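Participant: Submitted below is the structure of interest, expressed as structure tokens.
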Amino acid sequence: MTAEFRRYLFPENHPRIAQVKGLDAYEYRQAAKAPGSFTGELIKGWTPLYLQPFVGVTETGALREDLHPLAEASPGEQAPVGQMLEAAEALLSCLDAEGRGKLMHPVDAAQWQTWANPEFMQFDTGLRLEFQPAAVREKAMALVKASLSPEGYELAHGMMLINGFLGETVGLESILNEFSYNFALYGTPHPENPWGWQLFGHHCAVNCLVVDGRMALGPVFFGAEPNEIDEGPQRGLRAFDRRVDLATKLMAALSPALRGEATLYQQMVDPAMPEGRVHPGDERHLAGAFQDNRVIPFEGIRVAQMEAGARELVFEILGEFISPLPSGPRAARMRELREHLEETWFCWIGGSEPGDVFYYRIQSPVIIVELDHHCGVFLDYSTPQRFHVHTVMRTPHGNDYGRAWVRQRQQGHPHPDSRPAGTAAGQDLNSSTYPGATLGR
């Protein structure tokens, strides 16, 4: 049976494909900046945002600084720091001094905030994997694998595989491939001191930091157009079915009154929406790339108002979003989420019957997750489709990128520094005074 998305392939030699065909990532980067173009206008709007000093997403504009206390991980809840260190050292050992200089940034560097999910490279942070030797790509991905749960690595790598499949399907392999991603390292890999890594590119962005055995994972962006591979060696790979199905099941479990309160707008592009509610790139998402300081009010209904079965469906959905965390940090994170039940809100846009397209957000002071069905980018359709999915996860009130924990550690007494090979004396990767912290290379 032919996959649904194949109905929407652009005709051969269509300008949408022909005008970028053959460009590599750096050539396309320049082409995407063209004033007045769709991508140029996105870049124009996003560029000023990353220059803002990091505060964090809030629901009112007021930062609650007591939400993310730094304490050593409880027994059984530790991050896999040992295997992460081994993987990081293996990656560093296969790079020369120039490569390590490009890869590494201070642990609190503003480069964290340059991640993005479009296919064009707005910021060339770290190493561009597609232009690295196979050994470097393999060792970078080995660090991702050492950090995440097995299902988390499978999901992240799956986004990359689907991206490559999309490139092959539409004939744009030079800008859409398995390794069209940037990878950066932050801080000095160390058993206790804060350090982390960042992977970002089309439809996949993961920011991971560890300190004192704790792991902060976020912002995380996963998306796919299409959300399946129907040909080739990865045939049968699908993404987001459970996140979509659980949400539909949740809406069905609500009383008509609560369902109505949760539904902000009946249509994905609704006449009742205020101007700007649907962004040209993010569409209904509010917590995407470059939104690090956005004020996102609670909307919809309190999860505590729901019947017990519906409440558990909410936590099942949250469990899907935090599943990339390894088992120990995941248990700690879920406990934190449940502790904030009384302040957890749920809202919806669109239809809620099986087969409908929709947007939803679950939000509390310690997490925001969003799922949105999107319009076409490299396939030809102008209304949202089920096979184009974007998802976002953030940690409000200042702990995206583990930043709240990093600040607490910097205000305390850090462990002695252990510089990796190639990090010269005087290059303090635990401070943004490191001279490599130049934005937008």
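Scheme for the structure tokens: letters A, B, ... for chains in order shown; per-chain residue numbers from 1; ligand numbers from 1 in order shown.
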Once you count only C-alpha atoms, what closest atom pair and distance in Å to one decimal does each residue of stretch 311-430 of chain A within 12 Å of stretch 6-29 of chain A have, with rows by chain and rising residue number, as CSV?

Facilitator:
residue,atom,partner,partner_atom,distance
A:Cys375,CA,A:Tyr8,CA,11.2
A:Gly376,CA,A:Tyr8,CA,8.7
A:Val377,CA,A:Arg16,CA,9.0
A:Phe378,CA,A:Arg16,CA,7.7
A:Leu379,CA,A:Leu9,CA,5.2
A:Asp380,CA,A:Tyr8,CA,4.9
A:Tyr381,CA,A:Tyr8,CA,6.5
A:Ser382,CA,A:Tyr8,CA,10.3
A:Thr383,CA,A:Tyr8,CA,11.6
A:Gln385,CA,A:Tyr8,CA,10.4
A:Phe387,CA,A:Arg6,CA,10.6
A:His388,CA,A:Tyr8,CA,11.7

Participant: Could you save those same residues with C-alpha atoms as a short mmCIF file (atom, residue, chain, number, x, y, z; two decimals), in the first residue's frame?

Facilitator:
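Written out: part.cif:
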data_model
loop_
_atom_site.label_atom_id
_atom_site.label_comp_id
_atom_site.auth_asym_id
_atom_site.auth_seq_id
_atom_site.Cartn_x
_atom_site.Cartn_y
_atom_site.Cartn_z
CA CYS A 375 1.99 22.09 6.72
CA GLY A 376 4.33 20.98 3.96
CA VAL A 377 7.95 22.04 3.60
CA PHE A 378 9.51 19.54 1.20
CA LEU A 379 6.19 17.97 0.28
CA ASP A 380 3.39 19.84 -1.46
CA TYR A 381 0.46 20.63 0.83
CA SER A 382 -0.71 23.83 2.48
CA THR A 383 -2.81 22.47 5.36
CA GLN A 385 -1.18 16.64 7.67
CA PHE A 387 2.43 12.61 8.62
CA HIS A 388 4.24 15.89 9.38
#

Participant: Do a neighbour search on stretch 53-66 of chain A at 12 Å with only C-alpha atoms, toss out local chain neighbours closer than 2 positions, and write the hits as an MDAnalysis selection string.

Facilitator: chainID A and resid 48:51 68:70 108:114 218:219 286:299 343:345 363:368 393:405 407:408

Participant: Tell me, which residues of stretch 102-252 of chain A carry DSSP strand (DSSP E or B), written as a VMD selection string?

Facilitator: chain A and resid 104 to 105 127 to 128 181 to 186 195 to 201 204 to 211 214 to 224 228 238

Participant: Take the residues from that selection and put them in a file with C-alpha atoms, as a short mmCIF file (atom, residue, chain, number, x, y, z; two decimals), in the first residue's frame.

Facilitator:
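What landed in part-v1.cif:
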data_model
loop_
_atom_site.label_atom_id
_atom_site.label_comp_id
_atom_site.auth_asym_id
_atom_site.auth_seq_id
_atom_site.Cartn_x
_atom_site.Cartn_y
_atom_site.Cartn_z
CA MET A 104 34.23 22.82 22.47
CA HIS A 105 32.60 25.77 24.20
CA LEU A 127 31.23 20.38 13.99
CA ARG A 128 29.01 19.75 10.97
CA TYR A 181 23.55 17.97 11.85
CA ASN A 182 25.86 20.02 14.06
CA PHE A 183 27.46 18.59 17.18
CA ALA A 184 29.05 20.61 19.98
CA LEU A 185 30.55 19.91 23.40
CA TYR A 186 30.10 22.27 26.36
CA TRP A 195 29.39 19.50 31.02
CA GLY A 196 27.25 18.41 28.12
CA TRP A 197 26.66 18.14 24.40
CA GLN A 198 24.34 19.40 21.73
CA LEU A 199 23.10 17.81 18.50
CA PHE A 200 20.93 19.83 16.14
CA GLY A 201 19.71 20.03 12.59
CA CYS A 204 16.27 16.78 15.54
CA ALA A 205 17.76 18.88 18.34
CA VAL A 206 18.92 17.53 21.69
CA ASN A 207 20.66 19.47 24.48
CA CYS A 208 22.09 17.33 27.29
CA LEU A 209 23.99 18.36 30.44
CA VAL A 210 25.20 16.37 33.45
CA VAL A 211 26.40 17.57 36.85
CA ARG A 214 22.06 14.60 37.53
CA MET A 215 21.01 14.96 33.90
CA ALA A 216 19.14 17.88 32.32
CA LEU A 217 17.72 17.05 28.89
CA GLY A 218 16.27 20.00 27.06
CA PRO A 219 15.36 21.74 24.96
CA VAL A 220 14.54 18.71 22.83
CA PHE A 221 12.97 18.97 19.39
CA PHE A 222 11.94 15.92 17.40
CA GLY A 223 10.00 16.11 14.15
CA ALA A 224 9.47 14.28 10.88
CA GLU A 228 7.62 6.98 8.29
CA ARG A 238 7.69 5.19 12.15
#

Participant: Pick the closest to A:Asp282 from A:Ile349, A:Leu258, A:Leu42, A:Met84: which is it, counting only C-alpha atoms?

Facilitator: A:Leu42

Participant: Measuring atom to atom with only C-alpha atoms, identify which of A:Asp230, A:Phe179, A:Ser323, A:Leu67 is nearest to A:Pro133.

Facilitator: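 Closest residue, counting only C-alpha atoms: A:Phe179.
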
Participant: Work out how far atom CA of A:Ala239 is from atom CA of A:Met159, in Å to one decimal.

Facilitator: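 Between atom CA of A:Met159 and atom CA of A:Ala239 the gap is 8.1 Å.
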
Participant: Between A:Pro226, A:Pro280, A:Gly319, A:Pro354, which one has atoms that come closest to A:Gly158, using only C-alpha atoms?

Facilitator: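 Closest residue, counting only C-alpha atoms: A:Pro226.
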
Participant: Do a neighbour search on A:Pro75 at 12 Å with only C-alpha atoms, toss out local chain neighbours closer than 3 positions, and write the hits as a PyMOL selection string.

Facilitator: chain A and resi 71-72+78-79+212-214+328-329+331-332

Participant: Could you please take those selected residues and save C-alpha atoms as a PDB file, in the first residue's frame?

Facilitator:
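Full text of selection26.pdb as output:
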ATOM      1  CA  ALA A  71      21.740  18.196  44.707  1.00  0.00           C
ATOM      2  CA  GLU A  72      23.616  15.015  43.968  1.00  0.00           C
ATOM      3  CA  GLN A  78      22.314   8.680  38.480  1.00  0.00           C
ATOM      4  CA  ALA A  79      23.065   9.563  34.892  1.00  0.00           C
ATOM      5  CA  ASP A 212      26.796  15.665  40.124  1.00  0.00           C
ATOM      6  CA  GLY A 213      25.155  12.612  38.572  1.00  0.00           C
ATOM      7  CA  ARG A 214      22.061  14.600  37.534  1.00  0.00           C
ATOM      8  CA  GLY A 328      17.664   6.775  36.613  1.00  0.00           C
ATOM      9  CA  PRO A 329      17.214  10.399  35.570  1.00  0.00           C
ATOM     10  CA  ALA A 331      12.579   8.229  37.391  1.00  0.00           C
ATOM     11  CA  ALA A 332      13.738  11.444  39.069  1.00  0.00           C
TER      12      ALA A 332
END
